[in-house]
Every structure is written in structure tokens, then in C-alpha cells.
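With mmCIF, C-alpha atoms and all ligand atoms inside, this is coords.cif:
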```
data_model
#
loop_
_atom_site.label_atom_id
_atom_site.label_comp_id
_atom_site.auth_asym_id
_atom_site.auth_seq_id
_atom_site.Cartn_x
_atom_site.Cartn_y
_atom_site.Cartn_z
CA MET A 128 0.98 -6.85 17.35
CA ARG A 129 -0.69 -10.00 16.14
CA THR A 130 -2.12 -12.90 18.04
CA ARG A 131 -2.86 -14.70 14.77
CA TYR A 132 -2.58 -14.28 11.03
CA ASP A 133 -5.81 -13.72 9.09
CA ASP A 134 -6.55 -13.37 5.40
CA ASP A 135 -6.48 -9.62 5.96
CA ARG A 136 -5.20 -8.29 2.64
CA SER A 137 -3.86 -9.19 -0.77
CA TRP A 138 -0.90 -7.89 -2.73
CA CYS A 139 -0.68 -7.21 -6.44
CA PHE A 140 2.37 -6.36 -8.49
CA TRP A 141 3.63 -6.56 -12.05
CA GLY A 142 6.26 -9.03 -13.20
CA ASP A 143 7.65 -12.34 -12.07
CA GLU A 144 7.16 -13.81 -8.63
CA PRO A 145 9.98 -12.76 -6.30
CA ALA A 146 12.56 -15.48 -5.61
CA GLY A 147 11.33 -17.80 -2.88
CA LEU A 148 7.66 -16.98 -3.46
CA GLU A 149 7.21 -19.12 -6.58
CA GLY A 150 3.76 -20.67 -6.79
CA LEU A 151 2.10 -18.13 -4.50
CA THR A 152 0.30 -16.27 -7.29
CA ALA A 153 -3.41 -17.00 -6.91
CA ARG A 154 -4.33 -15.16 -10.15
CA ALA A 155 -2.57 -13.30 -12.92
CA TRP A 156 -3.96 -11.09 -15.67
CA SER A 157 -2.47 -9.87 -18.92
CA ASP A 158 -4.52 -6.64 -19.22
CA TRP A 159 -5.27 -3.74 -16.88
CA VAL A 160 -7.78 -1.02 -17.63
CA TYR A 161 -7.98 2.72 -16.90
CA GLN A 162 -11.33 4.42 -17.36
CA ALA A 163 -12.70 7.82 -16.35
CA GLU A 164 -16.36 7.75 -15.35
CA ALA A 165 -18.55 7.68 -18.47
CA GLY A 166 -15.39 7.88 -20.59
CA ALA A 167 -13.63 5.44 -22.91
CA ALA A 168 -11.73 2.52 -21.38
CA HIS A 169 -7.98 2.37 -22.00
CA PRO A 170 -6.83 -1.25 -21.79
CA HIS A 171 -3.08 -1.65 -21.22
CA ARG A 172 -1.04 -4.75 -21.90
CA VAL A 173 2.70 -5.38 -22.13
CA ASP A 174 3.80 -8.63 -23.73
CA GLY A 175 5.27 -11.06 -21.23
CA VAL A 176 4.23 -9.04 -18.16
CA ALA A 177 1.46 -10.20 -15.84
CA TYR A 178 -0.32 -8.36 -13.05
CA ARG A 179 -0.13 -10.85 -10.18
CA TYR A 180 -2.32 -11.35 -7.13
CA VAL A 181 -1.04 -12.94 -3.91
CA ARG A 182 -3.46 -13.67 -1.08
CA ALA A 183 -2.30 -12.82 2.45
CA ALA A 184 -3.51 -16.22 3.72
CA ASP A 185 -1.18 -18.01 1.27
CA TYR A 186 1.71 -15.66 1.93
CA TYR A 187 1.43 -15.91 5.71
CA ALA A 188 1.14 -19.72 5.59
CA HIS A 189 4.21 -19.89 3.34
CA CYS A 190 6.26 -17.62 5.62
CA ARG A 191 5.18 -19.41 8.76
CA ALA A 192 6.19 -22.77 7.30
CA ARG A 193 9.62 -21.38 6.44
CA ILE A 194 10.00 -19.91 9.93
CA ALA A 195 8.95 -23.21 11.52
CA ALA A 196 11.60 -25.02 9.45
CA SER A 197 14.35 -22.61 10.44
CA GLU A 198 16.71 -23.16 13.35
CA HIS A 199 17.52 -19.47 13.54
CA VAL A 200 14.18 -17.69 13.26
CA GLU A 201 11.36 -17.70 15.77
CA LEU A 202 7.90 -16.11 15.57
CA ARG A 203 6.42 -14.90 18.88
CA LEU A 204 2.74 -14.21 18.41
CA GLY A 205 0.94 -12.07 20.95
CA VAL A 206 4.12 -10.30 22.07
CA ALA A 207 4.11 -6.52 21.57
CA ALA A 208 7.39 -4.71 21.13
CA GLY A 209 7.79 -1.29 22.70
CA ALA A 210 10.71 1.08 22.99
CA VAL A 211 14.20 0.29 21.68
CA ARG A 212 17.24 1.67 23.46
CA ARG A 213 20.96 1.25 23.29
CA ASP A 214 22.88 -0.34 26.16
CA GLY A 215 26.59 -0.32 25.39
CA GLU A 216 27.20 -2.58 22.39
CA ALA A 217 23.65 -4.00 22.46
CA LEU A 218 20.13 -2.85 21.72
CA ILE A 219 17.38 -3.56 24.24
CA VAL A 220 13.80 -3.99 23.01
CA SER A 221 11.16 -3.90 25.73
CA THR A 222 8.31 -6.28 25.03
CA THR A 223 5.23 -7.55 26.81
CA ALA A 224 7.19 -10.77 27.39
CA GLY A 225 10.29 -9.13 28.85
CA ALA A 226 13.29 -7.38 27.39
CA LEU A 227 15.15 -8.66 24.33
CA ARG A 228 18.84 -7.99 23.81
CA ALA A 229 20.20 -7.84 20.29
CA ARG A 230 23.14 -6.62 18.27
CA TRP A 231 20.84 -5.22 15.57
CA VAL A 232 17.10 -4.55 15.30
CA VAL A 233 14.94 -4.32 12.17
CA ASP A 234 11.69 -2.58 13.06
CA THR A 235 8.80 -2.89 10.59
CA ARG A 236 5.98 -1.81 12.89
CA PRO A 237 3.52 0.54 11.18
CA ARG A 238 3.68 4.13 12.31
CA ARG A 239 1.80 7.29 11.52
CA GLN A 240 3.40 9.31 8.80
CA ARG A 241 3.03 12.74 7.27
CA ALA A 242 2.31 12.63 3.57
CA LEU A 243 1.15 14.76 0.66
CA LEU A 244 -1.82 12.46 0.05
CA PHE A 245 -3.37 9.34 1.52
CA GLN A 246 -4.70 6.55 -0.64
CA CYS A 247 -7.76 5.50 1.37
CA PHE A 248 -9.48 2.35 0.26
CA SER A 249 -12.08 -0.15 1.27
CA GLY A 250 -12.43 -3.44 -0.55
CA VAL A 251 -14.52 -6.54 -0.39
CA GLU A 252 -14.04 -9.95 -1.90
CA VAL A 253 -17.54 -10.82 -2.94
CA ASP A 254 -19.33 -13.88 -4.25
CA HIS A 255 -21.48 -12.19 -6.89
CA GLY A 256 -22.75 -15.32 -8.56
CA GLY A 257 -21.89 -14.01 -12.02
CA ARG A 258 -23.75 -10.70 -11.61
CA LEU A 259 -20.72 -8.39 -11.66
CA ASP A 260 -21.18 -6.10 -14.66
CA LEU A 261 -17.55 -5.61 -15.70
CA ALA A 262 -18.59 -4.03 -18.98
CA ALA A 263 -20.03 -1.09 -17.02
CA PHE A 264 -16.44 0.09 -16.53
CA GLY A 265 -15.07 -1.24 -19.82
CA ILE A 266 -13.25 -4.16 -18.18
CA GLY A 267 -12.76 -6.96 -20.71
CA ALA A 268 -12.08 -10.66 -20.29
CA ASP A 269 -8.78 -11.50 -18.53
CA ALA A 270 -8.43 -7.89 -17.40
CA VAL A 271 -8.42 -6.06 -14.11
CA GLY A 272 -9.95 -2.65 -13.57
CA LEU A 273 -6.89 -0.80 -12.27
CA MET A 274 -8.43 2.66 -12.09
CA THR A 275 -11.98 2.58 -13.39
CA GLY A 276 -15.00 4.80 -12.86
CA MET A 277 -12.49 7.57 -12.06
CA ARG A 278 -14.10 10.77 -10.95
CA ALA A 279 -12.78 13.88 -9.28
CA ASP A 280 -14.21 16.69 -7.23
CA ALA A 281 -12.88 19.44 -5.00
CA SER A 282 -11.87 16.91 -2.36
CA GLY A 283 -9.92 14.60 -4.66
CA LEU A 284 -9.90 11.54 -6.88
CA GLY A 285 -12.08 8.47 -6.46
CA PHE A 286 -11.88 5.28 -8.48
CA VAL A 287 -12.86 1.62 -8.47
CA TYR A 288 -10.30 -1.20 -8.45
CA VAL A 289 -11.70 -4.51 -9.65
CA LEU A 290 -9.95 -7.87 -9.60
CA PRO A 291 -12.15 -10.57 -11.16
CA LEU A 292 -10.94 -13.66 -9.28
CA SER A 293 -13.24 -16.26 -10.82
CA HIS A 294 -16.44 -16.30 -12.85
CA SER A 295 -18.39 -15.72 -9.62
CA THR A 296 -15.99 -13.91 -7.25
CA ALA A 297 -14.12 -10.61 -7.36
CA LEU A 298 -12.26 -8.14 -5.16
CA VAL A 299 -13.86 -4.72 -5.58
CA GLU A 300 -12.30 -1.67 -3.91
CA TRP A 301 -13.27 1.98 -3.75
CA THR A 302 -10.25 4.26 -3.42
CA ARG A 303 -9.99 7.95 -2.66
CA PHE A 304 -6.93 10.17 -2.65
CA ALA A 305 -7.25 12.66 0.19
CA PRO A 306 -4.94 15.03 2.12
CA HIS A 307 -5.63 13.08 5.34
CA PRO A 308 -6.83 9.58 6.21
CA LEU A 309 -10.60 9.38 5.76
CA ARG A 310 -13.18 7.81 8.01
CA ALA A 311 -13.60 4.12 7.25
CA ALA A 312 -17.40 4.45 7.16
CA GLU A 313 -17.17 7.08 4.42
CA VAL A 314 -14.89 4.96 2.25
CA ARG A 315 -17.01 1.88 2.88
CA ALA A 316 -20.08 3.77 1.69
CA GLY A 317 -18.21 4.65 -1.53
CA ARG A 318 -17.32 1.00 -1.95
CA ASN A 319 -20.95 -0.06 -1.62
CA ALA A 320 -21.96 2.56 -4.20
CA ALA A 321 -19.26 1.26 -6.55
CA LEU A 322 -20.55 -2.28 -6.11
CA ALA A 323 -24.08 -1.11 -6.87
CA ALA A 324 -22.82 0.52 -10.08
CA LEU A 325 -21.44 -2.90 -11.00
CA GLY A 326 -24.78 -4.57 -10.28
CA VAL A 327 -23.94 -6.04 -6.84
CA ARG A 328 -25.70 -5.29 -3.54
CA LEU A 329 -24.07 -6.69 -0.40
CA GLY A 330 -26.31 -8.87 1.72
CA GLU A 331 -28.65 -9.62 -1.17
CA PRO A 332 -28.48 -12.71 -3.39
CA GLY A 333 -25.35 -12.28 -5.50
CA GLY A 334 -23.65 -10.13 -2.86
CA ARG A 335 -22.09 -12.46 -0.29
CA VAL A 336 -19.06 -11.01 1.50
CA LEU A 337 -16.11 -13.41 1.60
CA ARG A 338 -13.61 -11.09 3.26
CA GLU A 339 -12.79 -7.38 3.54
CA GLU A 340 -9.65 -5.30 3.39
CA GLY A 341 -8.78 -1.63 3.53
CA GLY A 342 -6.29 0.96 4.63
CA ALA A 343 -4.83 4.41 4.16
CA LEU A 344 -1.45 4.37 2.44
CA PRO A 345 0.77 7.45 2.61
CA MET A 346 1.73 8.87 -0.80
CA GLY A 347 4.68 11.26 -0.79
CA ARG A 348 6.00 10.85 2.74
CA VAL A 349 7.22 13.97 4.46
CA ALA A 350 9.69 13.62 7.34
CA ASP A 351 8.16 14.47 10.69
CA ASP A 352 9.63 17.58 12.27
CA ALA A 353 9.72 15.87 15.65
CA LEU A 354 11.50 12.78 14.34
CA ALA A 355 13.16 10.77 17.12
CA PRO A 356 16.95 10.59 16.75
CA SER A 357 18.10 7.43 14.99
CA ILE A 358 19.65 4.71 17.14
CA PRO A 359 22.81 3.06 15.79
CA GLY A 360 22.05 -0.56 14.90
CA LEU A 361 18.28 0.02 14.55
CA VAL A 362 16.84 -0.07 11.03
CA VAL A 363 13.26 0.97 10.27
CA ALA A 364 11.92 -0.87 7.23
CA GLY A 365 8.72 -1.84 5.42
CA ALA A 366 6.01 0.75 4.82
CA ALA A 367 7.20 2.63 7.92
CA GLY A 368 10.70 2.78 6.47
CA GLY A 369 9.78 4.24 3.10
CA ALA A 370 9.10 1.07 1.10
CA LEU A 371 5.95 2.38 -0.58
CA ARG A 372 6.36 4.19 -3.88
CA ASP A 373 5.26 7.80 -3.41
CA ALA A 374 3.19 8.06 -6.57
CA THR A 375 1.42 4.71 -6.30
CA GLY A 376 1.46 3.23 -2.79
CA TYR A 377 2.77 -0.05 -4.23
CA GLY A 378 5.44 -1.61 -2.05
CA PHE A 379 5.19 -5.40 -2.08
CA ALA A 380 7.80 -6.08 -4.78
CA ARG A 381 10.10 -3.42 -3.35
CA MET A 382 9.86 -4.93 0.14
CA GLN A 383 10.64 -8.42 -1.15
CA GLN A 384 13.75 -7.11 -2.88
CA TRP A 385 14.82 -5.26 0.26
CA ALA A 386 14.16 -8.32 2.45
CA ASP A 387 16.37 -10.49 0.23
CA ASP A 388 19.19 -7.96 0.32
CA CYS A 389 18.89 -7.42 4.05
CA ALA A 390 18.74 -11.15 4.82
CA ALA A 391 21.82 -11.77 2.67
CA ARG A 392 23.71 -9.11 4.61
CA LEU A 393 22.71 -10.61 7.95
CA ALA A 394 23.72 -14.07 6.75
CA ARG A 395 27.17 -12.65 5.94
CA GLY A 396 27.40 -11.18 9.43
CA GLU A 397 26.92 -7.61 8.17
CA ALA A 398 24.61 -4.98 9.66
CA PRO A 399 21.06 -4.78 8.26
CA VAL A 400 20.11 -1.98 5.89
CA GLY A 401 16.90 -0.03 5.33
CA HIS A 402 15.36 0.86 1.99
CA SER A 403 17.55 2.85 -0.36
CA PRO A 404 16.47 6.47 -0.75
CA GLU A 405 14.44 7.15 -3.90
CA PRO A 406 16.61 8.33 -6.79
CA PHE A 407 16.40 12.12 -7.19
CA VAL A 408 14.53 12.24 -10.51
CA ARG A 409 11.88 9.71 -9.45
CA ARG A 410 11.36 11.49 -6.15
CA GLN A 411 10.89 14.82 -7.87
CA MET A 412 8.55 13.42 -10.56
CA ASP A 413 6.38 11.83 -7.89
CA ARG A 414 6.38 14.93 -5.73
CA ILE A 415 5.42 17.24 -8.60
CA PHE A 416 2.64 14.86 -9.61
CA LEU A 417 1.26 14.59 -6.06
CA GLN A 418 1.48 18.35 -5.56
CA ALA A 419 -0.46 18.85 -8.80
CA LEU A 420 -3.15 16.48 -7.48
CA ARG A 421 -3.28 18.54 -4.27
CA ALA A 422 -3.44 21.83 -6.18
CA HIS A 423 -6.13 20.69 -8.64
CA PRO A 424 -8.04 17.79 -7.07
CA GLU A 425 -10.95 18.43 -9.42
CA ARG A 426 -8.67 17.70 -12.42
CA SER A 427 -7.06 14.54 -11.04
CA ALA A 428 -9.23 12.09 -13.04
CA GLU A 429 -8.36 14.02 -16.19
CA TYR A 430 -4.61 13.73 -15.42
CA PHE A 431 -4.77 9.95 -15.05
CA ASP A 432 -6.99 9.63 -18.11
CA ARG A 433 -4.54 11.65 -20.18
CA MET A 434 -1.62 9.46 -19.10
CA ALA A 435 -3.53 6.24 -19.78
CA ARG A 436 -4.56 7.51 -23.23
CA GLY A 437 -1.36 9.30 -24.20
CA VAL A 438 1.50 7.17 -22.83
CA ALA A 439 2.41 3.80 -24.36
CA PRO A 440 1.63 0.96 -21.89
CA GLU A 441 5.25 -0.23 -21.72
CA ARG A 442 6.43 3.30 -20.89
CA LEU A 443 3.81 3.83 -18.18
CA LEU A 444 4.53 0.39 -16.73
CA ARG A 445 8.28 1.10 -16.53
CA PHE A 446 7.42 4.30 -14.66
CA LEU A 447 5.10 2.47 -12.25
CA THR A 448 7.67 -0.26 -11.58
CA ASP A 449 10.67 1.99 -10.90
CA ARG A 450 12.39 1.34 -14.25
CA ALA A 451 11.55 4.53 -16.14
CA ARG A 452 13.96 5.72 -18.82
CA PRO A 453 14.34 9.40 -19.70
CA ALA A 454 12.14 8.95 -22.81
CA ASP A 455 9.38 7.43 -20.62
CA LEU A 456 9.45 10.46 -18.33
CA LEU A 457 9.28 12.79 -21.34
CA ALA A 458 6.28 10.88 -22.71
CA ILE A 459 4.51 11.21 -19.35
CA ILE A 460 5.27 14.93 -19.13
CA ALA A 461 4.04 15.42 -22.72
CA SER A 462 0.74 13.71 -21.90
CA LEU A 463 -0.06 16.16 -19.09
CA PRO A 464 -1.04 19.84 -19.23
CA LEU A 465 2.12 21.91 -18.89
CA LEU A 466 1.20 24.90 -16.74
CA PRO A 467 -0.39 23.19 -13.70
CA PHE A 468 2.66 20.93 -13.45
CA LEU A 469 5.24 23.66 -14.04
CA ALA A 470 3.65 25.55 -11.16
CA GLN A 471 4.53 22.61 -8.88
CA LEU A 472 8.28 22.66 -9.50
CA PRO A 473 8.97 24.34 -6.11
CA ASP A 474 8.89 21.83 -3.29
CA ARG A 475 5.87 22.65 -1.10
CA SER A 476 5.50 19.24 0.48
CA ARG A 477 6.44 20.24 4.03
CA ARG A 478 3.85 23.01 4.03
CA LEU A 479 1.14 20.87 2.41
CA ALA A 480 1.46 17.72 4.53
CA GLU A 481 -0.67 17.97 7.64
CA PRO A 482 1.26 17.77 10.90
CA LEU A 483 0.82 14.51 12.75
CA GLY A 484 -1.94 14.55 15.27
CA ARG A 485 -3.86 17.52 13.94
CA ARG A 486 -6.49 15.44 12.24
CA ARG A 487 -7.14 11.76 12.58
CA GLY A 488 -9.13 9.57 10.24
CA ASP A 489 -10.04 6.12 11.47
CA LEU A 490 -8.90 4.29 8.37
CA VAL A 491 -6.12 2.42 10.04
CA GLY A 492 -4.94 -0.87 8.58
CA LEU A 493 -8.15 -2.75 8.33
CA GLY A 494 -11.24 -0.99 7.17
CA ALA A 495 -13.21 -4.07 8.03
CA ARG A 496 -15.48 -4.42 11.02
CA ARG A 497 -13.00 -5.84 13.47
CA PRO A 498 -11.21 -4.79 16.63
CA ARG A 499 -8.63 -2.21 15.68
CA PRO A 500 -5.25 -3.97 15.91
CA ALA A 501 -3.29 -0.71 15.87
CA ARG A 502 -5.14 0.47 18.98
CA ALA A 503 -4.52 -2.86 20.65
CA ALA A 504 -0.82 -2.53 19.80
CA ALA A 505 -0.70 1.01 21.16
CA ARG A 506 -2.39 -0.15 24.37
CA ALA A 507 0.08 -3.00 24.67
CA ALA A 508 3.00 -0.64 24.05
CA ALA A 509 1.66 1.70 26.71
CA ALA A 510 1.42 -1.25 29.08
CA ILE A 511 5.14 -1.86 28.72
CA GLY A 512 5.98 1.67 29.64
CA LYS A 513 6.90 3.53 26.47
CA PRO A 514 4.11 4.16 23.97
CA GLU A 515 5.25 4.01 20.36
CA PRO A 516 3.72 5.95 17.45
CA LEU A 517 1.97 2.90 16.17
CA GLU A 518 -1.49 3.89 15.06
CA GLN A 519 -2.40 4.27 11.46
CA VAL A 520 -1.13 3.80 8.14
CA ALA A 521 -0.38 1.01 5.86
CA SER A 522 -1.27 -1.99 7.82
C1 LIG B 601 -5.20 -3.86 2.64
C2 LIG B 601 -3.88 -3.52 1.98
C3 LIG B 601 -3.66 -3.91 0.68
C4 LIG B 601 -2.46 -3.61 0.06
N1 LIG B 601 -2.26 -4.01 -1.23
C5 LIG B 601 -1.07 -3.80 -1.82
C6 LIG B 601 -0.84 -4.27 -3.14
O1 LIG B 601 -1.74 -4.82 -3.80
N2 LIG B 601 0.40 -4.09 -3.69
C7 LIG B 601 1.41 -3.46 -3.00
O2 LIG B 601 2.51 -3.35 -3.52
N3 LIG B 601 1.20 -2.97 -1.76
C8 LIG B 601 -0.01 -3.12 -1.15
N4 LIG B 601 -0.21 -2.65 0.12
C9 LIG B 601 0.84 -1.82 0.76
C10 LIG B 601 1.95 -2.65 1.48
O3 LIG B 601 2.53 -3.56 0.58
C11 LIG B 601 1.40 -3.41 2.68
O4 LIG B 601 0.88 -2.49 3.59
C12 LIG B 601 2.46 -4.27 3.40
O5 LIG B 601 1.81 -5.26 4.14
C13 LIG B 601 3.34 -3.45 4.31
O6 LIG B 601 4.26 -4.33 4.91
P1 LIG B 601 4.96 -4.00 6.28
O7 LIG B 601 5.83 -5.15 6.61
O8 LIG B 601 5.56 -2.64 6.22
O9 LIG B 601 3.75 -3.91 7.31
P2 LIG B 601 2.75 -5.08 7.79
O10 LIG B 601 2.59 -6.09 6.73
O11 LIG B 601 1.53 -4.42 8.29
O12 LIG B 601 3.49 -5.71 9.01
C14 LIG B 601 3.64 -4.98 10.23
C15 LIG B 601 3.61 -5.98 11.34
O13 LIG B 601 3.97 -5.35 12.57
C16 LIG B 601 3.15 -5.91 13.59
N5 LIG B 601 3.16 -5.01 14.74
C17 LIG B 601 2.58 -3.81 14.88
N6 LIG B 601 2.82 -3.30 16.08
C18 LIG B 601 3.59 -4.19 16.75
C19 LIG B 601 4.19 -4.22 18.04
N7 LIG B 601 4.06 -3.22 18.92
N8 LIG B 601 4.92 -5.30 18.39
C20 LIG B 601 5.10 -6.31 17.51
N9 LIG B 601 4.56 -6.33 16.26
C21 LIG B 601 3.82 -5.28 15.88
C22 LIG B 601 1.81 -6.04 12.91
O14 LIG B 601 0.98 -6.95 13.62
C23 LIG B 601 2.22 -6.59 11.55
O15 LIG B 601 2.31 -7.98 11.57
C24 LIG B 601 -1.44 -2.90 0.76
C25 LIG B 601 -1.68 -2.49 2.07
C26 LIG B 601 -2.90 -2.80 2.68
C27 LIG B 601 -3.13 -2.32 4.10
#
```
Hey, can you dump this file as C-alpha cells for me?
Amino acid sequence: MRTRYDDDRSWCFWGDEPAGLEGLTARAWSDWVYQAEAGAAHPHRVDGVAYRYVRAADYYAHCRARIAASEHVELRLGVAAGAVRRDGEALIVSTTAGALRARWVVDTRPRRQRALLFQCFSGVEVDHGGRLDLAAFGIGADAVGLMTGMRADASGLGFVYVLPLSHSTALVEWTRFAPHPLRAAEVRAGRNAALAALGVRLGEPGGRVLREEGGALPMGRVADDALAPSIPGLVVAGAAGGALRDATGYGFARMQQWADDCAARLARGEAPVGHSPEPFVRRQMDRIFLQALRAHPERSAEYFDRMARGVAPERLLRFLTDRARPADLLAIIASLPLLPFLAQLPDRSRRLAEPLGRRRGDLVGLGARRPRPARAAARAAAAIGKPEPLEQVAS
């Protein structure tokens, strides 16, 4: 539940701006780089395709202006939604400002999820005054470091994500793949070490923090055994509804597409829809890949390095953006060692994903030093009688 909108994150994606969001790109790059620690850099580029960066502050301002101009849509800040129940033909949503009655409900509140892996990250937009040593990770001009300084150990993959925003500012993130959400302090420490490797020390000249972001995104969601029965007319969407791609955690472009489709349906008087289920082949490819990362965490940097080196950029990009052709999948399979991946053909995801509640990291939405909004939302939900599973995950 929000009482205001802050510049709390940024979204990147490949391709054109989604319809209706034209002009929101704050930066775009033509090259993205993969690099294993102390290894060669693999710059990727696909003609005509940009990697775009949208700032949350711009996106929220844009959306709020559109809401303000609409006669049919209203934003109620500071109101927490709780339980949803059916009452005859209607749905009743209890909120901290009384009950709402609706024909349909689209619920995009974050919720804890079981997953094969969690992508835990802590980032900082920093004013480095020109000190950022991009060459240390093989990041060239007009390029982003997509997965650089990759290194793996028995607990998983770690890598540095670098978006050079101007000659003196950049977003630098440390990311770890782990079987459970990690403690924010641990990931933040990794981020500071990554910054130091790039020549930047926070708090010193050339290390001024402009804003922070972080989270723990589920990769390879596994349905919860104790899933509440679905309520007719209620659609769960966004990250909580399966919008994030299993193998990558990217979801912005997918959510925009879904939102357009869903809004068009509502405008026609039709019931809302959630995200389409992943096509079978993509789901299996992603699952096998994530299981292989779980089985051999110490080899995960090698797997990504092999793909970056051995798969043509346009093929890998089609895979990352949900447009893979059979030949792209074959090229990816050929780039990876056969036996560790063959061993992951059986679906072990339900056994591997930790049950909800057994272990709890504190990397909820914002890794920054702020009050924890998810806790506030849970408290508010409790105050209106029916606590919802709201802690954690993507935002
Ligand atoms: C820091 C960060 C960076 C990311 N970067 C990228 C990226 O570069 N590219 C990409 O594709 N994806 C990215 N993602 C993943 C994903 O795109 C985002 O998490 C996205 O914001 C998810 O959208 P959502 O609508 O599902 O959730 P959110 O954007 O988090 O929206 C959920 C909303 O529900 C509200 N809420 C919660 N509880 C209640 C309640 N009880 N009552 C009322 N409202 C409530 C929250 O306040 C919030 O406004 C990122 C995620 C994070 C956390």
C-alpha cells in the first residue's frame, strides 16, 4: 500500500517503447556486455534493437497524469486492500477505507511465492564524477554491463549490472541468484564491493548516492501447495500473477502488453484476464536451466559465459524476449555442456523450491534503508481483519 510514489526503481527492456509510453525512455543503449570475472568481455548488439531504461519517477508521473485526466479511473493513495470475497453477483474488497463492491477485481498486490531461485539485487544510482572504471569489466562506450564480473561459488551466481546513465552517473547493481531471498545487508555489502572494483567508494568524493533500489525476484515460480481457491471474477496479475519470465526475472514489457489487452477487454465490457500461461517449450527450457543452476551453482558463471560466447546475439535476444525459434533453442542447447542439463530433464521444481515460511530473507521490495512498505501493508491488512500474504517479492 502506498501513501506516495517515489523514484523507487527503474525498468529496462529491449525493443520499442510500449504503446502509450512513448517518450518515457530516459536512456537507451545499442550494446550489452557479458563478462565472467577476469575473463573476456562478450559485447552483444542486434541492429535496430535498443536496451531501454525507464525511470520509475517518470513512469509514475505519466500514469498519474493519465489517471487524473480520466473520468473512469481513480487512485486512492494510503488505502490498503485486504480480503476479497464473493457476495452473490458481486465481489467485495475490504479496505482500510471501507468495503468496495465490484463486478470484477484485478489484484496486483505483491505476494510471497515459491520459486526455484531468487534473483536478489541491490543497486545504487551514484554520482561518480567520472571515476567509474567501466573498462574493468570490459564495458565499452554506449554499452551496459548486463552480466559482468560474473563469479560463482557453492551458493550461486553473482554478477554486476551497470547502466552508465551519463558521463558522471550510473546505476550499479550487485545481483545474486540464491535458493531463497537473501538478507538485504549481505547483498548491499556485495554491491559496495562491486562499486569498489569499479573504482567508486560510497560516501567519499566521487561516490554520492542519488537513489537506491533492490529486491528479490522469483525465478521459476512453483505453485504453493496451500493455494487459496480462486474466486470467480478475481484476476491476479503483475509479478504476483506470473508476469515475470522464469529464466530472467524481466516482466515490464510483458506486463505492459497484458495491461493493454486487459484494458481493451474491460473497455468492451468483457471480464479481465490474467497473464497467459508460458508456452510449454519455453517453460521447460527455463525450468531445466534453473534446475541446472541449482544443481551446479559453482558452474553457473561458466554456463552464462558459454551462452554469451557461443550463441549469436540475435538468437540469445530472441530467447530472452520470448520470441525464440527452434533453431535459437538448439543453438543455446549446443552452447551448454550436455550431461548436466540432460540430468535436469525430470521436473524436480516442487521438491527444490523451499516451502513458504520456512526461511525468510529480508530482501523485500526495496533494499534501501527505508521503512519496509510490505510490512506496513501487512499491518494494514491485519488491521482490516484478514491478513493477506503480502510480504516479499518483486516489489
Ligand atoms: C527494484 C526493481 C527493479 C526491477 N527492474 C526491472 C527491469 O529492469 N525490467 C523488468 O522487466 N522488470 C524489472 N523488475 C521486475 C518487475 O517488472 C517489477 O517488480 C514490477 O514493478 C512489478 O509490477 P507489479 O505491478 O506486479 O508490482 P508493483 O509495481 O510492486 O505494484 C504493486 C502495487 O501494489 C501496492 N500494494 C501492495 N499491497 C497493497 C495493499 N494491501 N493494498 C493496496 N495496494 C497494495 C504496492 O504499493 C504497489 O504499488 C524490477 C523489480 C524491482 C523490485
* Asked: Between A:Pro482, A:Gly342, A:Pro359, A:Gly347, which has the minimum distance to A:Arg372 (counting all atoms listed in the file)?
  ->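 Ranked by minimum distance to A:Arg372, first place goes to A:Gly347.
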* Return as a ChimeraX atom specification the residues of protein, DNA or RNA that approach ligand LIG 601 (chain B) to within 6 Å, with only C-alpha atoms and all ligand atoms taken into account. => /A:128-129,136-140,207-209,235-237,340-342,365-367,377-379,492,504,508,521-522
* To do: Select, from A:Arg477, A:Arg228, A:Arg179, A:Arg213, the residue with the minimum atom-to-atom distance to A:Leu151, counting all atoms listed in the file.
  =>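 Nearest candidate to A:Leu151 out of A:Arg477, A:Arg228, A:Arg179, A:Arg213: A:Arg179.
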* In Å to one decimal, how far is atom CA of A:Arg433 from atom CA of A:Leu298? -> 26.0 Å
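Using all atoms listed in the file, the nearest neighbour of A:Gly330 within the list A:His402, A:His255, A:Arg445, A:Arg310 is A:His255.
Taking atom CA of A:Gly215 as the reference point, atom CA of A:Leu361 is found at 13.7 Å.
Of the residues under consideration (A:Ala390, A:Leu227, A:Leu273, A:Ala458), A:Leu273 shows the shortest atom-to-atom contact distance to A:His171 when counting all atoms listed in the file.
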* One-decimal distance in Å that lies between atom CA of A:Ala323 and atom CA of A:Thr302 -> 15.2 Å
* Can you work out which one of A:Gln471, A:Thr130, A:Gln162, A:Ser357 has the shortest atom-to-atom distance to A:Arg212, counting only C-alpha atoms? =>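 Going through A:Gln471, A:Thr130, A:Gln162, A:Ser357 one by one, the smallest distance to A:Arg212 is for A:Ser357.
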* Asked: Which residue out of A:Asp351, A:Glu339, A:Asp234, A:Glu252 has the minimum interatomic distance to A:Gly401 when all atoms listed in the file are used?
  ->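 Smallest distance to A:Gly401 is found for A:Asp234.
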Take every atom of stretch 211-223 of chain A listed in the file, pad by 4 Å on each side, and give me the axis-aligned box centre and edge lengths in Å, one decimal, as JSON.
```
{"center_x": 16.2, "center_y": -2.9, "center_z": 24.2, "size_x": 30.0, "size_y": 17.2, "size_z": 13.1}
```
* Excluding same-chain residues fewer than 5 positions from A:Gly256, what lies within 12 Å of it counting all atoms listed in the file, as a ChimeraX atom specification? -> /A:291-297,326-329,331-336
* Asked: What's the 8 Å shell around A:Tyr161, counting only C-alpha atoms, without same-chain residues fewer than 4 positions away, as a ChimeraX atom specification?
  -> /A:168-171,272-275,432,435
* Residues near A:Asp373, cut-off 8 Å, only C-alpha atoms, skip fewer than 2 positions along chain, as a PyMOL selection string -> chain A and resi 345-348+371+375-376+410+413-414
